[in-house]
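J.: So that we are looking at the same thing, I have put the structure below in structure tokens.
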Amino acid sequence: MKKTIGFMVLAGALSLAPAAQAGTLEDVQKRGQLICGVAVGLPGFAAPDDSGKMRGIDADVCYALAAAVIGDRDKVKFVPLTAKERFDALNGGEVDVLSRNTTHTLTRDASLGLNFTYYNFIDGQGFLAKKDLGVRSAKELDGARVCVQSGTTTEINLADFFRSNGMQYEQIAYDTSPQTREGFEGGACDVLTSDKSQLAAIRSELANPASAVVLPETISKEPLGPVVRQGDDVWFNTVKWTLWAIINAEELGVSSKNVDEMRNSNDPSVKRLVGAEGDMCKLISDKLDTVCFAQAIKQVGNYGEIYEANVGENTPLGLIRAGSPNDLWSRGGILYAPPIR
Amino acid sequence: MDDSQQQQPAALQPPKIPWRRDPAVRALFFQGALIAALLWAIVTVAGNTARNMEERGIKIGLHFFDDVAPFSIPLDFFPFWSFTLGESLYWEVFVIGVQNTIIISVFGIIGATALGFFVGVLRLSPNWLVAKFAAAYIEAFRNTPLLLQLLFWNFAVFLPLAPPPRQSWTLGESFILNKAGLYLPNPVLTGIGTVIFTVSAVAAIAAIIAMRKWAKKRQEETGKPFPLFFASLAVLIAAAVLALLFAGEQVSFEYAELKGLNYRGGARLPLIAFALWFGLTAYTAAFIAENVRGGIVAVAKGQSEAARSLGLHHGATLKLVVIPQAMRVIIPPTISQFLNLTKNSSLAVAIGYPEVVNVWAGISLNQTGQSLVIMAMTIGVYWVLSLLTSAALNYYNTRVQLRGR
């Protein structure tokens with residue numbers, strides 16, 4: 001399966017037809033469907049629920065985008081992609097947008113034909129250790145065997161951390177997240193490393209969650225967000241500003257519940273956001289509806305609502321937002337969306 | 001056509017064929033056209049690929065080969081080429097991946113051939129229990145997916161069996177077994193010791209070759225057999241003991257020690273490598289066993305009956321009469337099994353063995369994004385390995401085929 005897609009992408013690159021360049025927005029509207037690349041079952045980010053509906057913070061970006069561009073959040077087709085396939089799938093035109101907990105790095109931004117929009121989750125890499133090792137800090141991991149999922153930025157962070165601390169380790173790389181967990185659980189390695197949001201989910205899936213602890217250190221910066229192809233600025237702006245609109249909505253107190261009433265707000269910022277004034281959406285493209293942001297907020301929610309529904313305290317991941325980087329800048333986090341004006 | 005021409009008298013020779021109807025010219029023309037079309041296709045595809053990549057802003061090239069690989073490769077065993085974090089370059093990652101693929105394939109082929117021959121012969125055993133046991137093994141391993149078997153051996157059998165590093169099973173200070181693998185003392189030779197050991201190894205091999213020649217000659221002249229295998233073993237052991245007596249002081253052993261969370265030093269056979277080798281061997285051996293059985297059955301029954309009536313016992317009949325004739329049937333399908341084993345080793349990515357698909361088409365591909373170059377190179381590796389394997393075996397095959405005299 002994995003290889004087939006790889007070769008399809010290769011074949012795509014080899015094909016005689018010129019690449020579909022500009023006009024992703026028109027393509028999506030004409031098709032009446034947004035094709036969105038997501039992770040292969042990553043709880044909290046993109047995983048099907050019991051009824052088969054895709055849920056998660058990454059999936060909600062797709063829903064919001066479909067609501068803004070087509071006017072209906074359900075007009076989304078999800079394409080699950082592994083870490084290895086994702087960029088080729090986006091570049092080959094298989095998906096319109098990649099919303100797959102993808103870290104923004106210079107190499108990817110500059111050499112893979114990609115544009116990173118903004119971040120819908122700010123993560124950092126950590127370690128999950130067997131409790132009976134008696135390790136309290138990542139600095140005590142000298143000589144450890146480390147399980148890691150191949151095809152991620154995780155491997156470089158891991159190498160950098162051990163090198164800069166003058167410690168040795170042995171990396172055991174697996175192809176998928178479940179195999180990595182199985183390797184850790186079976187004892188192929190002493191610690192497992194991944195983004196901290198993942199460690200919480202992996203720990204909850206262990207046969208005995210109490211047998212493992214998440215170590216306190218965060219060893220990397222992992223700003224995760226949606227990615228588009230280079231060379232289509234209108235689409236780039238559409239995705240970027242839909243995400244920013246959702247974050248601005250939370251800051252301005254606009255939610256899925258009150259977005260209709262907010263049309264009558266006295267605050268010009270709110271009025272511009274919900275499309276009651278200024279025709280902001282039309283500035284991005286005249287193909288967009290005046291109330292594109294209001295549609296996204298109404299049908300999916302503002303950033304706070306999305307966070308709490310998917311990864312917040314009352315979810316299996318249980319990630320507390322207050323005091324984390326994922327809070328708004330005005331409350332001490334680092335989420336900062338430019339103003340809509 | 002040729003015959004009728006030859007029968008015609010010389011005076012009635014047909015008129016000269018015009019060049020455009022000359023079969024030789026035609027053949028040349030069509031072959032030339034085919035080559036031109038092929039070249040055109042290759043050039044067009046390559047050009048389009050390059051242009052499409054450029055349009056999409058994808059930078060393609062080999063420039064990353066000389067960059068330092070910013071990640072680590074595990075399991076530095078059999079380090080013909082070993083990895084140093086922060087120093088090794090991307091092309092070295094490729095070399096190490098290929099090296100590990102070759103190592104597991106070679107040992108897998110040796111193991112699968114030995115086990116396959118053994119089981120294939122057992123399956124034809126007159127003993128009912130032994131024959132049925134061999135048949136059960138073959139059917140069980142041949143009819144389940146290899147990936148499943150590898151996951152089973154690694155995650156369900158070997159990993160849970162072995163103890164964690166701090167509760168390792170040890171035999172004295174020398175042998176340590178845990179979930180990371182089996183640690184053995186690593187012999188370190190110094191000074192003249194290296195020379196003595198090399199000389200004794202060469203001498204032992206020369207002695208064995210000479211002995212083989214002598215034994216063959218003696219058997220041809222007198223008919224007396226010679227226990228060649230045990231004699232060879234004795235020569236090897238004697239050579240090792242002699243070398244130890246002379247150079248005992250120059251040999252020291254490096255033992256594995258618990259440092260940090262795991263053992264370091266010594267020689268190590270990683271558990272993952274063993275699980276992979278075991279899985280590949282057991283799976284491929286089931287197919288080879290069937291080839292062996294088919295080969296033996298194909299030898300006419302009169303051959304073994306004749307051997308028995310000459311007074312050869314069951315083992316000698318097999319070894320001297322049946323198997324040499326069976327080989328010509330066994331080898332061609334077994335070549336395919338060797339190729340399969342080499343290609344199947346790419347499944348190791350599921351259990352974390354660092355072969356070429358794991359470290360090159362996996363880790364390196366993702367870190368550099370150079371899918372076209374890396375995928376092409378990985379395909380090339382299997383292509384070259386397969387062609388080399390079948391070339392070597394085809395050479396062997398031509399030598400064991402029946403030759404008319």
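Convention: chains lettered A, B, ... in structure tokens order; per-chain residue numbering from 1; ligands numbered from 1 as shown.
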As a PDB file with N, CA and C atoms, in the first residue's frame, list the residues of stretch 4-158 of chain A assigned to strand (DSSP E or B) by DSSP on the backbone atoms of this structure.
T.:
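result01.pdb written:
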```pdb
ATOM      1  N   LEU A  34     -13.349  19.203  -0.726  1.00  0.00           N
ATOM      2  CA  LEU A  34     -11.960  19.479  -0.358  1.00  0.00           C
ATOM      3  C   LEU A  34     -11.277  18.140  -0.075  1.00  0.00           C
ATOM      4  N   ILE A  35     -10.107  17.914  -0.679  1.00  0.00           N
ATOM      5  CA  ILE A  35      -9.376  16.677  -0.403  1.00  0.00           C
ATOM      6  C   ILE A  35      -8.234  17.001   0.554  1.00  0.00           C
ATOM      7  N   CYS A  36      -8.284  16.364   1.687  1.00  0.00           N
ATOM      8  CA  CYS A  36      -7.444  16.771   2.807  1.00  0.00           C
ATOM      9  C   CYS A  36      -6.578  15.601   3.251  1.00  0.00           C
ATOM     10  N   GLY A  37      -5.252  15.777   3.266  1.00  0.00           N
ATOM     11  CA  GLY A  37      -4.343  14.725   3.724  1.00  0.00           C
ATOM     12  C   GLY A  37      -4.200  14.780   5.232  1.00  0.00           C
ATOM     13  N   VAL A  38      -4.477  13.649   5.895  1.00  0.00           N
ATOM     14  CA  VAL A  38      -4.380  13.605   7.354  1.00  0.00           C
ATOM     15  C   VAL A  38      -3.546  12.404   7.784  1.00  0.00           C
ATOM     16  N   LEU A  42      -4.480   8.984  14.292  1.00  0.00           N
ATOM     17  CA  LEU A  42      -3.705   9.577  15.370  1.00  0.00           C
ATOM     18  C   LEU A  42      -4.708  10.231  16.315  1.00  0.00           C
ATOM     19  N   ALA A  46      -6.227  13.212  14.080  1.00  0.00           N
ATOM     20  CA  ALA A  46      -7.088  12.745  13.002  1.00  0.00           C
ATOM     21  C   ALA A  46      -7.248  11.249  13.161  1.00  0.00           C
ATOM     22  N   ALA A  47      -8.416  10.831  13.588  1.00  0.00           N
ATOM     23  CA  ALA A  47      -8.718   9.405  13.712  1.00  0.00           C
ATOM     24  C   ALA A  47     -10.222   9.255  13.598  1.00  0.00           C
ATOM     25  N   PRO A  48     -10.682   8.194  12.910  1.00  0.00           N
ATOM     26  CA  PRO A  48     -12.119   7.998  12.779  1.00  0.00           C
ATOM     27  C   PRO A  48     -12.734   7.622  14.134  1.00  0.00           C
ATOM     28  N   MET A  54     -14.266  11.286  10.739  1.00  0.00           N
ATOM     29  CA  MET A  54     -12.922  11.701  11.115  1.00  0.00           C
ATOM     30  C   MET A  54     -12.996  12.787  12.181  1.00  0.00           C
ATOM     31  N   ARG A  55     -12.235  12.601  13.261  1.00  0.00           N
ATOM     32  CA  ARG A  55     -12.231  13.573  14.352  1.00  0.00           C
ATOM     33  C   ARG A  55     -10.803  13.965  14.677  1.00  0.00           C
ATOM     34  N   VAL A  76     -15.753  17.198   2.677  1.00  0.00           N
ATOM     35  CA  VAL A  76     -14.327  16.908   2.787  1.00  0.00           C
ATOM     36  C   VAL A  76     -14.097  15.438   2.507  1.00  0.00           C
ATOM     37  N   LYS A  77     -13.044  15.153   1.729  1.00  0.00           N
ATOM     38  CA  LYS A  77     -12.612  13.769   1.576  1.00  0.00           C
ATOM     39  C   LYS A  77     -11.251  13.654   2.262  1.00  0.00           C
ATOM     40  N   PHE A  78     -11.159  12.746   3.230  1.00  0.00           N
ATOM     41  CA  PHE A  78      -9.906  12.585   3.957  1.00  0.00           C
ATOM     42  C   PHE A  78      -9.047  11.505   3.311  1.00  0.00           C
ATOM     43  N   VAL A  79      -7.774  11.817   3.147  1.00  0.00           N
ATOM     44  CA  VAL A  79      -6.827  10.836   2.608  1.00  0.00           C
ATOM     45  C   VAL A  79      -5.771  10.572   3.684  1.00  0.00           C
ATOM     46  N   PRO A  80      -5.810   9.403   4.325  1.00  0.00           N
ATOM     47  CA  PRO A  80      -4.797   9.116   5.345  1.00  0.00           C
ATOM     48  C   PRO A  80      -3.431   8.903   4.691  1.00  0.00           C
ATOM     49  N   VAL A  97      -4.729  20.094   0.560  1.00  0.00           N
ATOM     50  CA  VAL A  97      -4.043  20.638   1.727  1.00  0.00           C
ATOM     51  C   VAL A  97      -3.621  19.472   2.604  1.00  0.00           C
ATOM     52  N   LEU A  98      -2.472  19.646   3.261  1.00  0.00           N
ATOM     53  CA  LEU A  98      -1.955  18.602   4.134  1.00  0.00           C
ATOM     54  C   LEU A  98      -2.118  19.082   5.565  1.00  0.00           C
ATOM     55  N   THR A 103       5.650  19.149  11.164  1.00  0.00           N
ATOM     56  CA  THR A 103       6.496  20.180  11.749  1.00  0.00           C
ATOM     57  C   THR A 103       7.053  21.103  10.668  1.00  0.00           C
ATOM     58  N   LEU A 112      11.254  21.436  -0.565  1.00  0.00           N
ATOM     59  CA  LEU A 112      10.292  20.423  -0.983  1.00  0.00           C
ATOM     60  C   LEU A 112       9.108  21.004  -1.747  1.00  0.00           C
ATOM     61  N   LEU A 114       7.006  23.360  -0.728  1.00  0.00           N
ATOM     62  CA  LEU A 114       5.872  23.471   0.183  1.00  0.00           C
ATOM     63  C   LEU A 114       5.777  24.875   0.760  1.00  0.00           C
ATOM     64  N   ASN A 115       4.561  25.253   1.174  1.00  0.00           N
ATOM     65  CA  ASN A 115       4.370  26.464   1.949  1.00  0.00           C
ATOM     66  C   ASN A 115       3.684  26.113   3.253  1.00  0.00           C
ATOM     67  N   PHE A 116       4.286  26.495   4.359  1.00  0.00           N
ATOM     68  CA  PHE A 116       3.675  26.251   5.665  1.00  0.00           C
ATOM     69  C   PHE A 116       2.834  27.460   6.028  1.00  0.00           C
ATOM     70  N   PHE A 121      -1.195  23.415  16.310  1.00  0.00           N
ATOM     71  CA  PHE A 121      -0.783  22.824  17.581  1.00  0.00           C
ATOM     72  C   PHE A 121       0.724  22.991  17.716  1.00  0.00           C
ATOM     73  N   ILE A 122       1.142  23.462  18.875  1.00  0.00           N
ATOM     74  CA  ILE A 122       2.572  23.656  19.101  1.00  0.00           C
ATOM     75  C   ILE A 122       3.027  22.594  20.090  1.00  0.00           C
ATOM     76  N   ASP A 123       3.858  21.711  19.566  1.00  0.00           N
ATOM     77  CA  ASP A 123       4.237  20.522  20.314  1.00  0.00           C
ATOM     78  C   ASP A 123       5.725  20.548  20.607  1.00  0.00           C
ATOM     79  N   GLN A 125       9.132  17.539  21.550  1.00  0.00           N
ATOM     80  CA  GLN A 125       9.448  16.121  21.690  1.00  0.00           C
ATOM     81  C   GLN A 125       9.853  15.779  23.110  1.00  0.00           C
ATOM     82  N   GLY A 126       9.404  14.631  23.582  1.00  0.00           N
ATOM     83  CA  GLY A 126       9.755  14.172  24.921  1.00  0.00           C
ATOM     84  C   GLY A 126      10.028  12.690  24.934  1.00  0.00           C
ATOM     85  N   PHE A 127      10.186  12.130  26.135  1.00  0.00           N
ATOM     86  CA  PHE A 127      10.494  10.703  26.281  1.00  0.00           C
ATOM     87  C   PHE A 127       9.478  10.016  27.172  1.00  0.00           C
ATOM     88  N   LEU A 128       9.110   8.808  26.781  1.00  0.00           N
ATOM     89  CA  LEU A 128       8.298   7.934  27.607  1.00  0.00           C
ATOM     90  C   LEU A 128       9.225   6.819  28.069  1.00  0.00           C
ATOM     91  N   ALA A 129       9.406   6.680  29.397  1.00  0.00           N
ATOM     92  CA  ALA A 129      10.377   5.703  29.907  1.00  0.00           C
ATOM     93  C   ALA A 129       9.681   4.642  30.738  1.00  0.00           C
ATOM     94  N   LYS A 130      10.243   3.438  30.727  1.00  0.00           N
ATOM     95  CA  LYS A 130       9.766   2.380  31.622  1.00  0.00           C
ATOM     96  C   LYS A 130      10.006   2.824  33.060  1.00  0.00           C
ATOM     97  N   ALA A 144      20.875   4.347  26.502  1.00  0.00           N
ATOM     98  CA  ALA A 144      19.522   3.823  26.325  1.00  0.00           C
ATOM     99  C   ALA A 144      19.287   3.325  24.903  1.00  0.00           C
ATOM    100  N   ARG A 145      18.417   2.336  24.792  1.00  0.00           N
ATOM    101  CA  ARG A 145      17.888   1.950  23.490  1.00  0.00           C
ATOM    102  C   ARG A 145      16.587   2.713  23.312  1.00  0.00           C
ATOM    103  N   VAL A 146      16.441   3.418  22.193  1.00  0.00           N
ATOM    104  CA  VAL A 146      15.314   4.331  22.017  1.00  0.00           C
ATOM    105  C   VAL A 146      14.482   3.903  20.821  1.00  0.00           C
ATOM    106  N   CYS A 147      13.181   3.686  21.026  1.00  0.00           N
ATOM    107  CA  CYS A 147      12.273   3.383  19.935  1.00  0.00           C
ATOM    108  C   CYS A 147      11.764   4.677  19.326  1.00  0.00           C
ATOM    109  N   VAL A 148      11.730   4.737  17.991  1.00  0.00           N
ATOM    110  CA  VAL A 148      11.295   5.955  17.334  1.00  0.00           C
ATOM    111  C   VAL A 148      10.578   5.569  16.040  1.00  0.00           C
ATOM    112  N   GLN A 149       9.569   6.367  15.696  1.00  0.00           N
ATOM    113  CA  GLN A 149       8.882   6.114  14.434  1.00  0.00           C
ATOM    114  C   GLN A 149       9.659   6.780  13.310  1.00  0.00           C
TER     115      GLN A 149
END
```
J.: Using only C-alpha atoms, find which residues of chain B lie within 6 Å of chain A and jot them down as a ChimeraX atom specification.
T.: /B:45,49,56-59,70-71,74,159,260-262,350,352,363,366
J.: Could the residues in this selection be written to a file with C-alpha atoms, as a compact mmCIF listing (two decimals), in the first residue's frame?
T.:
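What landed in out_0.txt:
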```txt
# COMPACT_ATOMS: atom_id res chain seq x y z
CA VAL B 45 10.40 11.10 -19.35
CA THR B 49 10.36 14.83 -14.63
CA ARG B 56 7.00 22.65 -8.18
CA GLY B 57 10.09 23.97 -6.49
CA ILE B 58 11.45 20.54 -5.62
CA LYS B 59 15.21 20.56 -5.61
CA PRO B 70 21.87 14.06 11.35
CA PHE B 71 20.46 10.84 12.81
CA PRO B 74 21.30 1.27 15.26
CA LEU B 159 11.47 -10.21 22.93
CA GLY B 260 24.30 3.48 31.80
CA LEU B 261 21.14 1.59 30.94
CA ASN B 262 22.71 -1.11 28.77
CA ALA B 350 8.58 -3.70 10.56
CA GLY B 352 13.49 -2.30 13.19
CA ILE B 363 14.88 7.55 7.36
CA ASN B 366 12.19 11.52 4.83
```
J.: Find the residues near B:Leu62: any atom within 12 Å, counting only C-alpha atoms, skip ones fewer than 5 places away on the same chain, and give them as a PyMOL selection string.
T.: chain B and resi 67+90-91+368-374+377
J.: Could you tell me, as a ChimeraX atom specification, which residues of stretch 33-199 of chain B DSSP assigns to alpha helix (DSSP H) when given the backbone?
T.: /B:33-55,90-123,128-142,146-151,159-161,192-199
J.: Could you state the separation of atom CA of A:Leu319 and atom CA of A:Asp195 in Å, given to one decimal place?
T.: 12.4 Å
J.: Which residue, B:Leu341, B:Ile323, B:Ala112, B:Ala361, has the smallest gap to B:Gly97 when you use only C-alpha atoms?
T.: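 Of B:Leu341, B:Ile323, B:Ala112, B:Ala361, the one nearest B:Gly97 is B:Ala361, counting only C-alpha atoms.
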J.: Within 12 Å of B:Thr334, counting only C-alpha atoms, which residues show up once you throw out same-chain ones fewer than 5 positions away? Write them as an MDAnalysis selection string, please.
T.: chainID B and resid 109 112:113 116:117 284:295 327:329 339:341 389:390 393:394 397
J.: Deliver the residues from the most recent selection as a file, using N, CA and C atoms, as a PDB file, in the first residue's frame.
T.:
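Once written, again.pdb looks like this:
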```pdb
ATOM      1  N   ILE B 109      20.358 -17.082   3.474  1.00  0.00           N
ATOM      2  CA  ILE B 109      20.465 -18.087   2.409  1.00  0.00           C
ATOM      3  C   ILE B 109      21.176 -19.340   2.922  1.00  0.00           C
ATOM      4  N   ALA B 112      18.707 -21.043   5.359  1.00  0.00           N
ATOM      5  CA  ALA B 112      17.533 -21.610   4.692  1.00  0.00           C
ATOM      6  C   ALA B 112      17.920 -22.826   3.851  1.00  0.00           C
ATOM      7  N   THR B 113      19.117 -22.782   3.234  1.00  0.00           N
ATOM      8  CA  THR B 113      19.546 -23.923   2.425  1.00  0.00           C
ATOM      9  C   THR B 113      19.763 -25.150   3.304  1.00  0.00           C
ATOM     10  N   GLY B 116      16.397 -26.208   4.761  1.00  0.00           N
ATOM     11  CA  GLY B 116      15.529 -26.674   3.691  1.00  0.00           C
ATOM     12  C   GLY B 116      15.919 -28.073   3.230  1.00  0.00           C
ATOM     13  N   PHE B 117      17.230 -28.328   3.055  1.00  0.00           N
ATOM     14  CA  PHE B 117      17.683 -29.654   2.641  1.00  0.00           C
ATOM     15  C   PHE B 117      17.322 -30.694   3.694  1.00  0.00           C
ATOM     16  N   THR B 284      11.773 -19.344   4.292  1.00  0.00           N
ATOM     17  CA  THR B 284      12.315 -19.739   2.996  1.00  0.00           C
ATOM     18  C   THR B 284      12.652 -21.226   2.970  1.00  0.00           C
ATOM     19  N   ALA B 285      13.090 -21.761   4.123  1.00  0.00           N
ATOM     20  CA  ALA B 285      13.449 -23.181   4.183  1.00  0.00           C
ATOM     21  C   ALA B 285      12.255 -24.062   3.818  1.00  0.00           C
ATOM     22  N   ALA B 286      11.040 -23.623   4.173  1.00  0.00           N
ATOM     23  CA  ALA B 286       9.854 -24.418   3.862  1.00  0.00           C
ATOM     24  C   ALA B 286       9.701 -24.580   2.348  1.00  0.00           C
ATOM     25  N   PHE B 287      10.006 -23.505   1.603  1.00  0.00           N
ATOM     26  CA  PHE B 287       9.907 -23.577   0.137  1.00  0.00           C
ATOM     27  C   PHE B 287      11.035 -24.432  -0.434  1.00  0.00           C
ATOM     28  N   ILE B 288      12.247 -24.219   0.113  1.00  0.00           N
ATOM     29  CA  ILE B 288      13.390 -24.985  -0.406  1.00  0.00           C
ATOM     30  C   ILE B 288      13.191 -26.472  -0.134  1.00  0.00           C
ATOM     31  N   ALA B 289      12.597 -26.800   1.023  1.00  0.00           N
ATOM     32  CA  ALA B 289      12.351 -28.207   1.352  1.00  0.00           C
ATOM     33  C   ALA B 289      11.470 -28.859   0.289  1.00  0.00           C
ATOM     34  N   GLU B 290      10.480 -28.124  -0.178  1.00  0.00           N
ATOM     35  CA  GLU B 290       9.620 -28.681  -1.218  1.00  0.00           C
ATOM     36  C   GLU B 290      10.393 -28.874  -2.522  1.00  0.00           C
ATOM     37  N   ASN B 291      11.291 -27.931  -2.845  1.00  0.00           N
ATOM     38  CA  ASN B 291      12.131 -28.093  -4.040  1.00  0.00           C
ATOM     39  C   ASN B 291      12.980 -29.352  -3.923  1.00  0.00           C
ATOM     40  N   VAL B 292      13.542 -29.546  -2.721  1.00  0.00           N
ATOM     41  CA  VAL B 292      14.428 -30.686  -2.496  1.00  0.00           C
ATOM     42  C   VAL B 292      13.636 -31.982  -2.638  1.00  0.00           C
ATOM     43  N   ARG B 293      12.451 -32.011  -2.024  1.00  0.00           N
ATOM     44  CA  ARG B 293      11.618 -33.211  -2.128  1.00  0.00           C
ATOM     45  C   ARG B 293      11.301 -33.497  -3.600  1.00  0.00           C
ATOM     46  N   GLY B 294      10.889 -32.433  -4.315  1.00  0.00           N
ATOM     47  CA  GLY B 294      10.562 -32.612  -5.726  1.00  0.00           C
ATOM     48  C   GLY B 294      11.748 -33.160  -6.498  1.00  0.00           C
ATOM     49  N   GLY B 295      12.944 -32.644  -6.207  1.00  0.00           N
ATOM     50  CA  GLY B 295      14.151 -33.078  -6.901  1.00  0.00           C
ATOM     51  C   GLY B 295      14.447 -34.541  -6.647  1.00  0.00           C
ATOM     52  N   MET B 327      20.112 -32.642  -7.796  1.00  0.00           N
ATOM     53  CA  MET B 327      20.532 -31.239  -7.777  1.00  0.00           C
ATOM     54  C   MET B 327      20.095 -30.485  -9.031  1.00  0.00           C
ATOM     55  N   ARG B 328      20.146 -31.160 -10.184  1.00  0.00           N
ATOM     56  CA  ARG B 328      19.831 -30.435 -11.421  1.00  0.00           C
ATOM     57  C   ARG B 328      18.359 -30.044 -11.473  1.00  0.00           C
ATOM     58  N   VAL B 329      17.519 -30.746 -10.690  1.00  0.00           N
ATOM     59  CA  VAL B 329      16.113 -30.363 -10.620  1.00  0.00           C
ATOM     60  C   VAL B 329      15.917 -29.325  -9.510  1.00  0.00           C
ATOM     61  N   LEU B 339      16.517 -15.394  -4.287  1.00  0.00           N
ATOM     62  CA  LEU B 339      16.172 -14.022  -4.672  1.00  0.00           C
ATOM     63  C   LEU B 339      15.027 -13.508  -3.801  1.00  0.00           C
ATOM     64  N   ASN B 340      14.024 -14.381  -3.566  1.00  0.00           N
ATOM     65  CA  ASN B 340      12.909 -13.986  -2.716  1.00  0.00           C
ATOM     66  C   ASN B 340      13.388 -13.607  -1.330  1.00  0.00           C
ATOM     67  N   LEU B 341      14.294 -14.403  -0.792  1.00  0.00           N
ATOM     68  CA  LEU B 341      14.778 -14.119   0.558  1.00  0.00           C
ATOM     69  C   LEU B 341      15.434 -12.738   0.611  1.00  0.00           C
ATOM     70  N   THR B 389      23.200 -12.723  -7.598  1.00  0.00           N
ATOM     71  CA  THR B 389      22.872 -14.028  -7.028  1.00  0.00           C
ATOM     72  C   THR B 389      22.555 -15.023  -8.126  1.00  0.00           C
ATOM     73  N   SER B 390      21.702 -14.620  -9.074  1.00  0.00           N
ATOM     74  CA  SER B 390      21.317 -15.614 -10.071  1.00  0.00           C
ATOM     75  C   SER B 390      22.467 -15.910 -11.015  1.00  0.00           C
ATOM     76  N   LEU B 393      24.586 -18.498  -9.201  1.00  0.00           N
ATOM     77  CA  LEU B 393      23.951 -19.808  -9.112  1.00  0.00           C
ATOM     78  C   LEU B 393      23.779 -20.452 -10.486  1.00  0.00           C
ATOM     79  N   ASN B 394      23.568 -19.627 -11.492  1.00  0.00           N
ATOM     80  CA  ASN B 394      23.462 -20.185 -12.836  1.00  0.00           C
ATOM     81  C   ASN B 394      24.784 -20.813 -13.261  1.00  0.00           C
ATOM     82  N   ASN B 397      24.905 -23.994 -11.537  1.00  0.00           N
ATOM     83  CA  ASN B 397      23.927 -24.886 -12.143  1.00  0.00           C
ATOM     84  C   ASN B 397      24.467 -25.556 -13.404  1.00  0.00           C
TER      85      ASN B 397
END
```
J.: Could you check the closest approach to A:Gln299 for each of A:Leu199, A:Ala89, A:Cys281, A:Val259 and tell me which residue wins, using only C-alpha atoms?
T.: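 Ranked by minimum distance to A:Gln299, first place goes to A:Val259.
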